[in-house]
file coords.csv (CSV, C-alpha atoms and all ligand atoms)
chain,number,residue,atom,x,y,z
A,217,MET,CA,-34.8,70.3,-44.0
A,218,THR,CA,-33.5,66.8,-43.8
A,219,LEU,CA,-35.6,64.3,-42.0
A,220,ILE,CA,-33.6,61.4,-40.3
A,221,LEU,CA,-35.3,58.1,-39.9
A,222,LYS,CA,-33.7,55.2,-37.9
A,223,ILE,CA,-34.8,52.0,-39.5
A,224,ASP,CA,-34.1,48.4,-38.3
A,225,PRO,CA,-31.8,46.8,-40.8
A,226,ILE,CA,-33.0,43.3,-39.9
A,227,ASN,CA,-36.7,43.9,-39.8
A,228,PRO,CA,-37.3,47.3,-41.5
A,229,GLU,CA,-40.5,48.9,-40.1
A,230,LYS,CA,-43.1,48.9,-42.8
A,231,GLU,CA,-44.6,52.3,-41.9
A,232,LEU,CA,-41.1,54.0,-42.1
A,233,ILE,CA,-40.3,52.4,-45.4
A,234,ILE,CA,-43.7,53.7,-46.7
A,235,ALA,CA,-42.7,57.2,-45.5
A,236,ALA,CA,-39.3,57.0,-47.3
A,237,ALA,CA,-40.9,55.6,-50.5
A,238,LYS,CA,-43.3,58.6,-50.5
A,239,VAL,CA,-40.4,60.9,-50.7
A,240,ILE,CA,-38.9,59.0,-53.7
A,241,LYS,CA,-42.3,58.9,-55.5
A,242,GLU,CA,-42.7,62.6,-55.1
A,243,GLY,CA,-39.4,63.3,-56.8
A,244,GLY,CA,-37.3,63.8,-53.6
A,245,THR,CA,-34.0,62.4,-52.4
A,246,VAL,CA,-33.4,59.8,-49.8
A,247,VAL,CA,-30.1,58.5,-48.5
A,248,PHE,CA,-30.3,54.8,-47.7
A,249,PRO,CA,-28.0,52.0,-46.7
A,250,THR,CA,-26.9,49.2,-49.0
A,251,GLU,CA,-24.5,46.3,-48.2
A,252,THR,CA,-21.6,48.3,-49.8
A,253,VAL,CA,-21.9,52.0,-48.9
A,254,TYR,CA,-24.8,54.4,-48.4
A,255,GLY,CA,-26.6,55.6,-51.6
A,256,LEU,CA,-28.1,59.0,-52.4
A,257,GLY,CA,-31.3,57.8,-54.1
A,258,ALA,CA,-34.0,59.3,-56.3
A,259,ASN,CA,-36.6,58.0,-58.7
A,260,GLY,CA,-34.4,56.6,-61.5
A,261,LEU,CA,-37.0,57.1,-64.2
A,262,ASP,CA,-37.6,60.8,-63.2
A,263,SER,CA,-35.0,63.1,-64.9
A,264,GLU,CA,-35.7,66.0,-62.7
A,265,ALA,CA,-35.2,63.9,-59.5
A,266,CYS,CA,-32.0,62.5,-60.9
A,267,LYS,CA,-30.8,66.0,-61.7
A,268,ARG,CA,-31.0,66.9,-58.0
A,269,ILE,CA,-28.6,64.0,-57.3
A,270,PHE,CA,-26.0,65.6,-59.5
A,271,GLU,CA,-26.5,69.1,-58.0
A,272,ILE,CA,-26.4,67.9,-54.4
A,273,LYS,CA,-23.2,65.9,-54.9
A,274,GLY,CA,-21.5,68.3,-57.3
A,275,ARG,CA,-21.1,65.3,-59.6
A,276,PRO,CA,-20.0,65.9,-63.2
A,277,ARG,CA,-22.8,65.2,-65.6
A,278,ASP,CA,-20.7,62.8,-67.7
A,279,ASN,CA,-20.6,60.4,-64.8
A,280,PRO,CA,-23.6,58.0,-65.1
A,281,LEU,CA,-25.7,56.7,-62.2
A,282,ILE,CA,-26.3,53.1,-61.2
A,283,LEU,CA,-30.0,52.0,-61.1
A,284,HIS,CA,-31.0,49.9,-58.1
A,285,ILE,CA,-33.7,47.3,-58.5
A,286,SER,CA,-35.4,45.0,-56.1
A,287,GLY,CA,-35.7,41.9,-58.3
A,288,ILE,CA,-34.6,40.4,-61.6
A,289,ASN,CA,-38.0,41.2,-63.2
A,290,SER,CA,-37.3,44.9,-63.3
A,291,LEU,CA,-34.3,44.2,-65.5
A,292,TYR,CA,-36.5,43.5,-68.5
A,293,ASN,CA,-37.8,47.1,-68.4
A,294,LEU,CA,-34.4,48.7,-68.3
A,295,THR,CA,-32.4,46.8,-71.0
A,296,VAL,CA,-33.0,45.8,-74.6
A,297,ASP,CA,-30.7,42.8,-74.0
A,298,THR,CA,-32.9,39.7,-74.2
A,299,ASP,CA,-30.1,37.1,-74.2
A,300,ARG,CA,-31.1,34.5,-71.6
A,301,ARG,CA,-27.5,34.0,-70.7
A,302,LEU,CA,-27.3,37.5,-69.2
A,303,LEU,CA,-30.4,37.0,-67.1
A,304,ASP,CA,-29.1,33.7,-65.9
A,305,PHE,CA,-25.9,35.5,-64.8
A,306,ALA,CA,-27.9,38.2,-63.0
A,307,LYS,CA,-29.9,35.5,-61.2
A,308,LYS,CA,-26.7,33.9,-59.9
A,309,VAL,CA,-25.1,37.0,-58.4
A,310,TRP,CA,-28.0,39.1,-57.3
A,311,PRO,CA,-28.9,40.4,-54.8
A,312,GLY,CA,-25.3,41.2,-54.2
A,313,PRO,CA,-22.5,43.8,-54.4
A,314,ILE,CA,-22.1,43.7,-58.1
A,315,THR,CA,-23.3,46.2,-60.8
A,316,MET,CA,-23.7,45.0,-64.4
A,317,LEU,CA,-23.8,47.1,-67.6
A,318,PHE,CA,-26.4,46.2,-70.2
A,319,LYS,CA,-27.6,47.8,-73.4
A,320,ALA,CA,-30.0,50.6,-72.2
A,321,ASP,CA,-33.7,50.6,-73.0
A,322,PRO,CA,-34.8,54.0,-74.5
A,323,LYS,CA,-37.0,54.6,-71.4
A,324,VAL,CA,-33.9,55.0,-69.2
A,325,PRO,CA,-33.4,58.8,-68.9
A,326,ARG,CA,-30.4,60.2,-70.6
A,327,ILE,CA,-29.3,61.9,-67.4
A,328,VAL,CA,-28.9,58.4,-65.8
A,329,THR,CA,-26.7,56.9,-68.6
A,330,ALA,CA,-24.9,60.2,-69.3
A,331,GLY,CA,-25.9,59.6,-72.9
A,332,LEU,CA,-24.0,56.2,-73.1
A,333,PRO,CA,-25.7,53.3,-74.9
A,334,THR,CA,-25.4,51.2,-71.7
A,335,VAL,CA,-27.1,51.3,-68.3
A,336,ALA,CA,-25.6,50.2,-65.0
A,337,ILE,CA,-27.9,48.1,-62.8
A,338,ARG,CA,-27.6,46.5,-59.4
A,339,CYS,CA,-29.9,44.6,-57.0
A,340,PRO,CA,-28.5,45.3,-53.5
A,341,ALA,CA,-28.4,42.7,-50.7
A,342,ASN,CA,-29.8,44.9,-48.0
A,343,LYS,CA,-33.3,44.6,-46.6
A,344,ILE,CA,-33.9,48.4,-46.2
A,345,ALA,CA,-32.7,49.1,-49.7
A,346,LEU,CA,-34.8,46.2,-51.2
A,347,SER,CA,-38.0,47.2,-49.4
A,348,LEU,CA,-37.5,50.9,-50.2
A,349,ILE,CA,-37.1,50.1,-53.9
A,350,GLU,CA,-40.1,47.7,-53.9
A,351,GLU,CA,-42.3,50.2,-52.0
A,352,SER,CA,-41.3,53.0,-54.3
A,353,GLY,CA,-42.4,51.0,-57.4
A,354,THR,CA,-39.5,52.3,-59.5
A,355,PRO,CA,-35.8,51.7,-59.9
A,356,ILE,CA,-33.8,54.0,-57.7
A,357,ALA,CA,-30.8,55.8,-59.1
A,358,ALA,CA,-28.2,56.1,-56.3
A,359,PRO,CA,-24.5,57.0,-56.4
A,360,SER,CA,-22.6,56.9,-53.2
A,361,ALA,CA,-24.0,59.3,-50.6
A,362,ASN,CA,-21.1,61.8,-50.4
A,363,ILE,CA,-20.0,65.1,-51.9
A,364,SER,CA,-18.1,64.3,-55.2
A,365,THR,CA,-14.4,63.6,-54.7
A,366,LYS,CA,-14.9,62.7,-51.0
A,367,PRO,CA,-14.8,59.2,-49.5
A,368,SER,CA,-18.1,57.3,-49.7
A,369,THR,CA,-20.1,57.1,-46.5
A,370,THR,CA,-20.6,54.0,-44.4
A,371,ARG,CA,-22.4,55.5,-41.4
A,372,LEU,CA,-24.6,58.4,-40.3
A,373,LYS,CA,-22.0,60.7,-38.8
A,374,HIS,CA,-20.2,61.1,-42.2
A,375,ILE,CA,-23.5,61.3,-44.2
A,376,LEU,CA,-24.5,64.3,-42.0
A,377,GLN,CA,-21.1,65.9,-42.6
A,378,ASP,CA,-21.7,65.9,-46.3
A,379,LEU,CA,-25.4,66.0,-46.9
A,380,ASP,CA,-27.4,67.3,-43.9
A,381,GLY,CA,-29.7,70.0,-45.1
A,382,LYS,CA,-29.2,69.1,-48.8
A,383,VAL,CA,-31.3,65.9,-49.1
A,384,ASP,CA,-34.9,65.4,-48.1
A,385,MET,CA,-34.4,62.3,-46.0
A,386,ILE,CA,-31.6,60.1,-44.5
A,387,ILE,CA,-32.3,56.6,-43.4
A,388,ASP,CA,-29.9,55.5,-40.6
A,389,GLY,CA,-29.6,51.7,-41.0
A,390,GLY,CA,-26.3,51.3,-39.1
A,391,GLN,CA,-22.9,50.7,-40.5
A,392,THR,CA,-22.7,49.1,-44.0
A,393,THR,CA,-21.2,45.6,-44.3
A,394,PHE,CA,-18.5,45.8,-47.0
A,395,GLY,CA,-17.6,49.5,-46.8
A,396,VAL,CA,-16.4,49.7,-50.4
A,397,GLU,CA,-18.6,50.2,-53.5
A,398,SER,CA,-19.9,47.4,-55.8
A,399,THR,CA,-17.8,45.7,-58.4
A,400,ILE,CA,-18.8,46.9,-61.9
A,401,ILE,CA,-18.7,44.5,-64.9
A,402,ASP,CA,-19.6,45.1,-68.5
A,403,MET,CA,-22.0,42.4,-69.7
A,404,THR,CA,-22.2,43.7,-73.3
A,405,THR,CA,-18.8,42.1,-74.1
A,406,THR,CA,-18.0,38.3,-74.2
A,407,PRO,CA,-16.5,37.4,-71.9
A,408,PRO,CA,-17.7,40.2,-69.5
A,409,ARG,CA,-15.1,42.8,-68.5
A,410,LEU,CA,-14.2,44.2,-65.1
A,411,LEU,CA,-14.6,48.0,-65.1
A,412,ARG,CA,-14.3,48.8,-61.4
A,413,PRO,CA,-13.0,46.4,-58.7
A,414,GLY,CA,-15.4,46.3,-55.8
A,415,ALA,CA,-16.9,44.4,-52.9
A,416,LEU,CA,-17.4,41.2,-54.9
A,417,THR,CA,-14.0,39.7,-55.8
A,418,VAL,CA,-13.0,38.5,-59.3
A,419,ASP,CA,-12.7,34.9,-57.9
A,420,GLU,CA,-16.3,35.0,-56.6
A,421,ILE,CA,-17.7,36.4,-59.8
A,422,GLU,CA,-15.9,33.8,-61.9
A,423,LYS,CA,-17.2,31.0,-59.6
A,424,HIS,CA,-20.7,32.1,-60.6
A,425,ILE,CA,-20.4,33.2,-64.2
A,426,GLY,CA,-17.1,31.9,-65.6
A,427,ASN,CA,-14.2,33.8,-67.0
A,428,ILE,CA,-14.2,37.6,-67.0
A,429,ILE,CA,-11.6,39.9,-68.4
A,430,VAL,CA,-9.6,41.8,-65.8
A,431,PRO,CA,-7.5,44.4,-67.6
A,432,LYS,CA,-3.9,44.0,-66.2
A,433,THR,CA,-3.7,47.7,-65.7
A,434,ILE,CA,-7.0,48.1,-63.9
A,435,ASN,CA,-5.3,49.9,-61.0
A,436,GLN,CA,-3.1,52.0,-63.1
A,437,LYS,CA,-5.6,53.2,-65.7
A,438,LEU,CA,-7.3,55.0,-62.9
A,439,ILE,CA,-4.7,57.6,-62.9
A,440,ASP,CA,-4.6,58.1,-66.6
A,441,ASN,CA,-7.5,60.3,-67.5
A,442,GLU,CA,-7.5,59.4,-71.2
A,443,THR,CA,-8.0,55.7,-70.6
A,444,ALA,CA,-10.3,55.4,-67.6
A,445,ILE,CA,-12.7,52.7,-68.5
A,446,ALA,CA,-15.7,53.7,-66.3
A,447,PRO,CA,-16.3,57.4,-66.7
A,448,GLY,CA,-16.4,58.0,-63.0
A,449,MET,CA,-12.9,56.5,-62.6
A,450,LYS,CA,-11.1,59.4,-64.2
A,451,TYR,CA,-12.1,61.9,-61.5
A,452,LYS,CA,-10.5,62.6,-58.2
A,453,HIS,CA,-12.2,60.2,-55.8
A,454,TYR,CA,-12.5,58.9,-52.3
A,455,ALA,CA,-10.0,61.5,-51.2
A,456,PRO,CA,-9.6,63.0,-47.7
A,457,ASP,CA,-9.0,66.7,-47.5
A,458,LYS,CA,-5.5,66.1,-46.1
A,459,ARG,CA,-2.8,64.7,-48.2
A,460,LEU,CA,-2.5,60.9,-48.2
A,461,VAL,CA,0.7,59.1,-49.3
A,462,LEU,CA,1.0,55.4,-49.9
A,463,VAL,CA,4.3,53.9,-48.6
A,464,SER,CA,5.8,51.2,-50.8
A,465,ASN,CA,7.2,49.4,-47.7
A,466,LYS,CA,5.9,49.6,-44.2
A,467,ASP,CA,9.5,49.9,-42.8
A,468,LEU,CA,9.3,53.5,-44.1
A,469,PHE,CA,6.9,54.3,-41.2
A,470,ALA,CA,9.8,54.4,-38.8
A,471,GLU,CA,11.6,56.8,-41.0
A,472,ALA,CA,8.5,59.0,-41.1
A,473,ALA,CA,8.3,59.0,-37.3
A,474,VAL,CA,12.0,60.2,-37.1
A,475,VAL,CA,11.5,63.0,-39.7
A,476,ALA,CA,8.2,64.1,-38.1
A,477,LYS,CA,9.9,64.4,-34.7
A,478,GLU,CA,12.9,66.3,-36.1
A,479,ARG,CA,10.7,68.7,-38.0
A,480,GLN,CA,8.1,69.0,-35.2
A,481,GLU,CA,5.4,68.1,-37.6
A,482,LYS,CA,2.3,66.0,-36.7
A,483,ILE,CA,1.6,63.2,-39.1
A,484,ALA,CA,-0.8,60.2,-39.2
A,485,ILE,CA,-0.1,56.6,-40.1
A,486,LEU,CA,-2.9,54.5,-41.4
A,487,CYS,CA,-2.1,50.8,-40.9
A,488,SER,CA,-3.2,47.4,-39.8
A,489,SER,CA,-3.3,46.5,-36.1
A,490,GLN,CA,-0.3,44.2,-36.6
A,491,THR,CA,1.8,47.0,-38.1
A,492,ALA,CA,0.6,49.4,-35.3
A,493,LYS,CA,1.8,46.9,-32.7
A,494,GLU,CA,5.2,46.6,-34.3
A,495,LEU,CA,5.5,50.4,-34.5
A,496,ARG,CA,4.5,50.9,-30.8
A,497,GLU,CA,7.2,48.4,-29.8
A,498,SER,CA,10.0,49.7,-31.9
A,499,THR,CA,9.5,53.4,-32.6
A,500,ASP,CA,9.1,56.7,-30.8
A,501,LEU,CA,5.6,57.8,-31.9
A,502,GLN,CA,5.7,61.2,-30.3
A,503,ASN,CA,4.4,63.1,-33.3
A,504,ILE,CA,2.3,60.3,-34.8
A,505,THR,CA,-1.4,59.6,-34.7
A,506,LEU,CA,-2.0,55.9,-35.5
A,507,ILE,CA,-5.3,55.2,-37.4
A,508,ILE,CA,-5.9,51.5,-37.3
A,509,LEU,CA,-7.4,50.0,-40.4
A,510,GLY,CA,-8.1,46.6,-38.8
A,511,ASN,CA,-6.7,43.1,-38.7
A,512,GLY,CA,-4.2,42.8,-41.6
A,513,ASP,CA,-5.1,39.1,-41.9
A,514,ASN,CA,-8.7,40.0,-42.7
A,515,LEU,CA,-8.7,42.2,-45.7
A,516,TYR,CA,-12.6,42.5,-45.6
A,517,GLU,CA,-12.2,44.2,-42.2
A,518,ILE,CA,-9.6,46.6,-43.7
A,519,ALA,CA,-12.0,47.4,-46.6
A,520,SER,CA,-14.9,48.1,-44.3
A,521,ASN,CA,-12.9,50.6,-42.2
A,522,LEU,CA,-11.0,52.2,-45.1
A,523,PHE,CA,-13.3,55.2,-45.9
A,524,ASP,CA,-13.9,55.8,-42.2
A,525,ALA,CA,-10.1,56.0,-41.7
A,526,PHE,CA,-9.8,58.5,-44.5
A,527,ARG,CA,-12.4,60.7,-42.8
A,528,THR,CA,-10.7,60.2,-39.4
A,529,LEU,CA,-7.5,61.5,-40.9
A,530,ASP,CA,-9.3,64.8,-41.6
A,531,ASP,CA,-10.4,65.0,-38.0
A,532,THR,CA,-6.8,64.8,-36.6
A,533,LYS,CA,-4.3,67.5,-36.3
A,534,ALA,CA,-1.9,65.7,-38.6
A,535,LYS,CA,-0.5,67.6,-41.6
A,536,LEU,CA,-0.7,64.5,-43.8
A,537,GLY,CA,-1.2,60.7,-43.6
A,538,PHE,CA,0.9,57.8,-44.7
A,539,ILE,CA,-0.9,54.6,-45.5
A,540,GLN,CA,0.3,51.0,-45.8
A,541,GLY,CA,-0.3,49.0,-49.0
A,542,PHE,CA,-2.0,45.6,-49.2
A,543,ASP,CA,-1.6,42.5,-51.3
A,544,GLU,CA,-3.7,43.1,-54.5
A,545,ARG,CA,-5.4,39.7,-54.3
A,546,GLY,CA,-9.1,39.1,-53.7
A,547,ILE,CA,-10.6,42.1,-52.0
A,548,GLY,CA,-7.1,43.5,-51.8
A,549,LEU,CA,-7.4,44.6,-55.4
A,550,THR,CA,-10.3,46.8,-54.4
A,551,ILE,CA,-8.6,48.2,-51.3
A,552,MET,CA,-5.6,49.2,-53.4
A,553,ASN,CA,-7.8,50.7,-56.1
A,554,ARG,CA,-9.4,53.0,-53.5
A,555,ILE,CA,-6.1,53.8,-51.9
A,556,LEU,CA,-4.4,54.7,-55.2
A,557,LYS,CA,-7.3,57.0,-56.1
A,558,ALA,CA,-7.4,58.6,-52.7
A,559,THR,CA,-3.6,59.3,-52.7
A,560,GLY,CA,-3.8,60.6,-56.3
A,561,ASN,CA,-1.1,58.0,-56.9
A,562,SER,CA,1.3,59.6,-54.5
A,563,VAL,CA,3.7,56.9,-53.4
A,564,ALA,CA,6.8,57.2,-51.1
A,565,LYS,CA,9.4,54.7,-52.2
A,566,ASP,CA,12.4,55.7,-50.0
A,567,PRO,CA,13.4,57.8,-47.1
A,568,ASP,CA,13.9,60.9,-49.4
A,569,ASP,CA,10.3,60.6,-50.6
A,570,ILE,CA,9.1,60.4,-46.9
A,571,ALA,CA,11.1,63.5,-46.0
A,572,ASP,CA,9.9,65.4,-49.1
A,573,ALA,CA,6.3,64.6,-48.3
A,574,ILE,CA,6.6,65.8,-44.7
A,575,ILE,CA,8.4,68.9,-45.5
A,576,MET,CA,6.2,69.9,-48.4
B,601,LIG,P1,-20.9,55.5,-57.7
B,601,LIG,O1,-22.4,55.1,-57.7
B,601,LIG,O2,-20.7,56.9,-57.1
B,601,LIG,O3,-20.1,54.5,-57.0
B,601,LIG,O4,-20.5,55.6,-59.2
B,601,LIG,C1,-21.0,54.8,-60.2
B,601,LIG,C2,-19.9,54.3,-61.1
B,601,LIG,O5,-20.5,53.5,-62.1
B,601,LIG,C3,-19.1,55.4,-61.8
B,601,LIG,O6,-17.7,55.1,-61.8
B,601,LIG,C4,-19.7,55.4,-63.2
B,601,LIG,O7,-18.8,55.9,-64.1
B,601,LIG,C5,-20.0,53.9,-63.4
B,601,LIG,N1,-21.0,53.7,-64.4
B,601,LIG,C6,-22.4,53.9,-64.3
B,601,LIG,N2,-23.0,53.7,-65.5
B,601,LIG,C7,-22.0,53.4,-66.4
B,601,LIG,C8,-22.0,53.0,-67.7
B,601,LIG,N3,-23.2,53.0,-68.5
B,601,LIG,N4,-20.9,52.7,-68.3
B,601,LIG,C9,-19.7,52.7,-67.6
B,601,LIG,N5,-19.6,53.0,-66.3
B,601,LIG,C10,-20.8,53.4,-65.7
B,602,MG,MG,-19.1,57.5,-55.6

call {"tool": "encode", "arguments": {"input": "coords.csv", "output": "structure tokens", "more": "lines below"}}
Ligand code: AMP
Ligand code: MG
result
Amino acid sequence: MTLILKIDPINPEKELIIAAAKVIKEGGTVVFPTETVYGLGANGLDSEACKRIFEIKGRPRDNPLILHISGINSLYNLTVDTDRRLLDFAKKVWPGPITMLFKADPKVPRIVTAGLPTVAIRCPANKIALSLIEESGTPIAAPSANISTKPSTTRLKHILQDLDGKVDMIIDGGQTTFGVESTIIDMTTTPPRLLRPGALTVDEIEKHIGNIIVPKTINQKLIDNETAIAPGMKYKHYAPDKRLVLVSNKDLFAEAAVVAKERQEKIAILCSSQTAKELRESTDLQNITLIILGNGDNLYEIASNLFDAFRTLDDTKAKLGFIQGFDERGIGLTIMNRILKATGNSVAKDPDDIADAIIM
């Protein structure tokens, strides 16, 4: 049975946090909100509890977990790195949506690191998460609260779809802020290296800790299993059940509408509110469901609605979805990273590609 607790994200009720922490201390699993997406948490120092996370998600065992801590002091117990510089970095960016890789202390269970010499650690900027970790008195291992390969969850409805009956407790703390996962950087190299683009942009990270290495191919390597730089990035990820195809140019949406009508196929278009307005004014949308990603001038809004939109696509009658691309600057790099993973790198570049995708 899964217990659902509604907790106030601004003033978390102490007695409810104590109840949730009890589940963690007893080796159970608790879904809780962070500022990025919801996490599926268990005691990060208890191998058996962590094992349940892998079983519930259907997560491959070679994909390590992120440990969530409530303050910098806990870092000392989890890493053998003693370089003051690293701790100063951590102080500048935490609590926040950035995960850092350090050399793992031997007390970190093997199941958490997947046998790697490094451990991924994050201090989340969310009151419910921080008080739950603090009250539990242990780091909480928490990957995103979804079944493996599916989009991460940002609100209760989608958590229930994936995890109701499988976890011990779900904390409903409302919609998460960023809607995309944390940025991951490797602190064991100098300068640190970006492993996964995320909620904290490269510019913001560099403002705090100076230059970091951003592999030029960060959004291509994803697709290439051999060279994926964070183990998790080589797997199918963030994907709706329906086929999703990126269009290289939003003018191709009009073409898609024509083919869909001719072929009597229902399709969905995932786009900004501006693009939707243009389409409504110019195109016959008879067989089209428009799924609005948000204001195209505010990419943070697009990011926060992205996974929701992927799941909405599955709820429609559409055979497949076409999605607009965004500028890869700032948070746009993260948005495109998630879109490319979700589409399995399926891109329509011309009208023929559009027709092929619809007919397939
Ligand atoms: P999730 O929490 O589901 O967003 O996934 C966590 C991500 O962190 C995955 O892509 C992991 O591969 C990555 N990760 C966790 N620990 C490490 C590590 N020690 N080295 C490299 N990547 C890691
Ligand atoms: Mg995940």

call {"tool": "closest_residue", "arguments": {"input": "coords.csv", "among": "A:Ala455, A:Ala235, A:Leu294, A:Leu346", "to": "Asp321 of chain A", "atoms": "only C-alpha atoms"}}
result
A:Leu294

call {"tool": "atom_distance", "arguments": {"input": "coords.csv", "atom1": "atom CA of Gly546 of chain A", "atom2": "atom CA of Leu416 of chain A"}}
result
8.6 Å

call {"tool": "closest_residue", "arguments": {"input": "coords.csv", "among": "A:Ile400, A:Leu462, A:Ile233, A:Ile518", "to": "Ile314 of chain A", "atoms": "all atoms listed in the file"}}
result
A:Ile400

call {"tool": "closest_residue", "arguments": {"input": "coords.csv", "among": "A:Lys493, A:Lys432, A:Arg268, A:Arg554", "to": "Val383 of chain A", "atoms": "only C-alpha atoms"}}
result
A:Arg268

call {"tool": "closest_residue", "arguments": {"input": "coords.csv", "among": "A:Ile327, A:Val253, A:Ile539, A:Val475", "to": "Gly414 of chain A", "atoms": "only C-alpha atoms"}}
result
A:Val253

call {"tool": "atom_distance", "arguments": {"input": "coords.csv", "atom1": "atom CA of Ser360 of chain A", "atom2": "atom O4 of ligand LIG 601 (chain B)"}}
result
6.5 Å

call {"tool": "residues_near_ligand", "arguments": {"input": "coords.csv", "ligand": "ligand LIG 601 (chain B)", "cutoff": "7 Å", "atoms": "all atoms listed in the file", "output": "PyMOL selection string"}}
result
chain A and resi 279-282+317+329+332-336+358-360+397+400+446-449

call {"tool": "build_atoms", "arguments": {"input": "coords.csv", "residues": "segment 530-536 of chain A", "atoms": "all heavy atoms", "output": "mmCIF file, in the coordinates of the input"}}
result
data_model
loop_
_atom_site.group_PDB
_atom_site.id
_atom_site.type_symbol
_atom_site.label_atom_id
_atom_site.label_comp_id
_atom_site.auth_asym_id
_atom_site.auth_seq_id
_atom_site.Cartn_x
_atom_site.Cartn_y
_atom_site.Cartn_z
ATOM 1 N N ASP A 530 -8.891 63.403 -41.552
ATOM 2 C CA ASP A 530 -9.300 64.800 -41.600
ATOM 3 C C ASP A 530 -9.594 65.408 -40.244
ATOM 4 O O ASP A 530 -9.459 66.602 -40.033
ATOM 5 C CB ASP A 530 -10.440 65.035 -42.577
ATOM 6 C CG ASP A 530 -10.004 64.916 -44.039
ATOM 7 O OD1 ASP A 530 -8.809 65.133 -44.314
ATOM 8 O OD2 ASP A 530 -10.860 64.612 -44.888
ATOM 9 N N ASP A 531 -10.038 64.539 -39.334
ATOM 10 C CA ASP A 531 -10.400 65.000 -38.000
ATOM 11 C C ASP A 531 -9.178 65.194 -37.076
ATOM 12 O O ASP A 531 -9.284 65.744 -35.991
ATOM 13 C CB ASP A 531 -11.379 64.044 -37.306
ATOM 14 C CG ASP A 531 -12.710 63.993 -38.029
ATOM 15 O OD1 ASP A 531 -13.022 64.959 -38.750
ATOM 16 O OD2 ASP A 531 -13.423 62.984 -37.894
ATOM 17 N N THR A 532 -8.023 64.661 -37.473
ATOM 18 C CA THR A 532 -6.800 64.800 -36.600
ATOM 19 C C THR A 532 -6.097 66.081 -36.891
ATOM 20 O O THR A 532 -6.423 66.798 -37.837
ATOM 21 C CB THR A 532 -5.815 63.620 -36.905
ATOM 22 O OG1 THR A 532 -5.278 63.823 -38.221
ATOM 23 C CG2 THR A 532 -6.454 62.252 -36.825
ATOM 24 N N LYS A 533 -5.068 66.334 -36.075
ATOM 25 C CA LYS A 533 -4.300 67.500 -36.300
ATOM 26 C C LYS A 533 -3.104 67.271 -37.233
ATOM 27 O O LYS A 533 -2.273 68.154 -37.473
ATOM 28 C CB LYS A 533 -3.697 67.997 -34.925
ATOM 29 C CG LYS A 533 -4.767 68.453 -33.949
ATOM 30 C CD LYS A 533 -4.233 69.577 -33.062
ATOM 31 C CE LYS A 533 -5.333 70.326 -32.364
ATOM 32 N NZ LYS A 533 -6.113 69.489 -31.421
ATOM 33 N N ALA A 534 -3.043 66.065 -37.770
ATOM 34 C CA ALA A 534 -1.900 65.700 -38.600
ATOM 35 C C ALA A 534 -1.872 66.540 -39.895
ATOM 36 O O ALA A 534 -2.912 66.920 -40.438
ATOM 37 C CB ALA A 534 -2.011 64.218 -39.002
ATOM 38 N N LYS A 535 -0.649 66.811 -40.350
ATOM 39 C CA LYS A 535 -0.500 67.600 -41.600
ATOM 40 C C LYS A 535 -0.783 66.712 -42.797
ATOM 41 O O LYS A 535 -1.327 67.183 -43.791
ATOM 42 C CB LYS A 535 1.007 68.010 -41.623
ATOM 43 C CG LYS A 535 1.429 68.774 -42.836
ATOM 44 C CD LYS A 535 2.910 69.122 -42.722
ATOM 45 C CE LYS A 535 3.374 69.939 -43.911
ATOM 46 N NZ LYS A 535 4.819 70.204 -43.829
ATOM 47 N N LEU A 536 -0.427 65.431 -42.704
ATOM 48 C CA LEU A 536 -0.700 64.500 -43.800
ATOM 49 C C LEU A 536 -0.763 63.075 -43.215
ATOM 50 O O LEU A 536 -0.399 62.865 -42.051
ATOM 51 C CB LEU A 536 0.307 64.585 -44.904
ATOM 52 C CG LEU A 536 1.633 63.841 -44.748
ATOM 53 C CD1 LEU A 536 2.310 63.694 -46.092
ATOM 54 C CD2 LEU A 536 2.563 64.526 -43.772
#
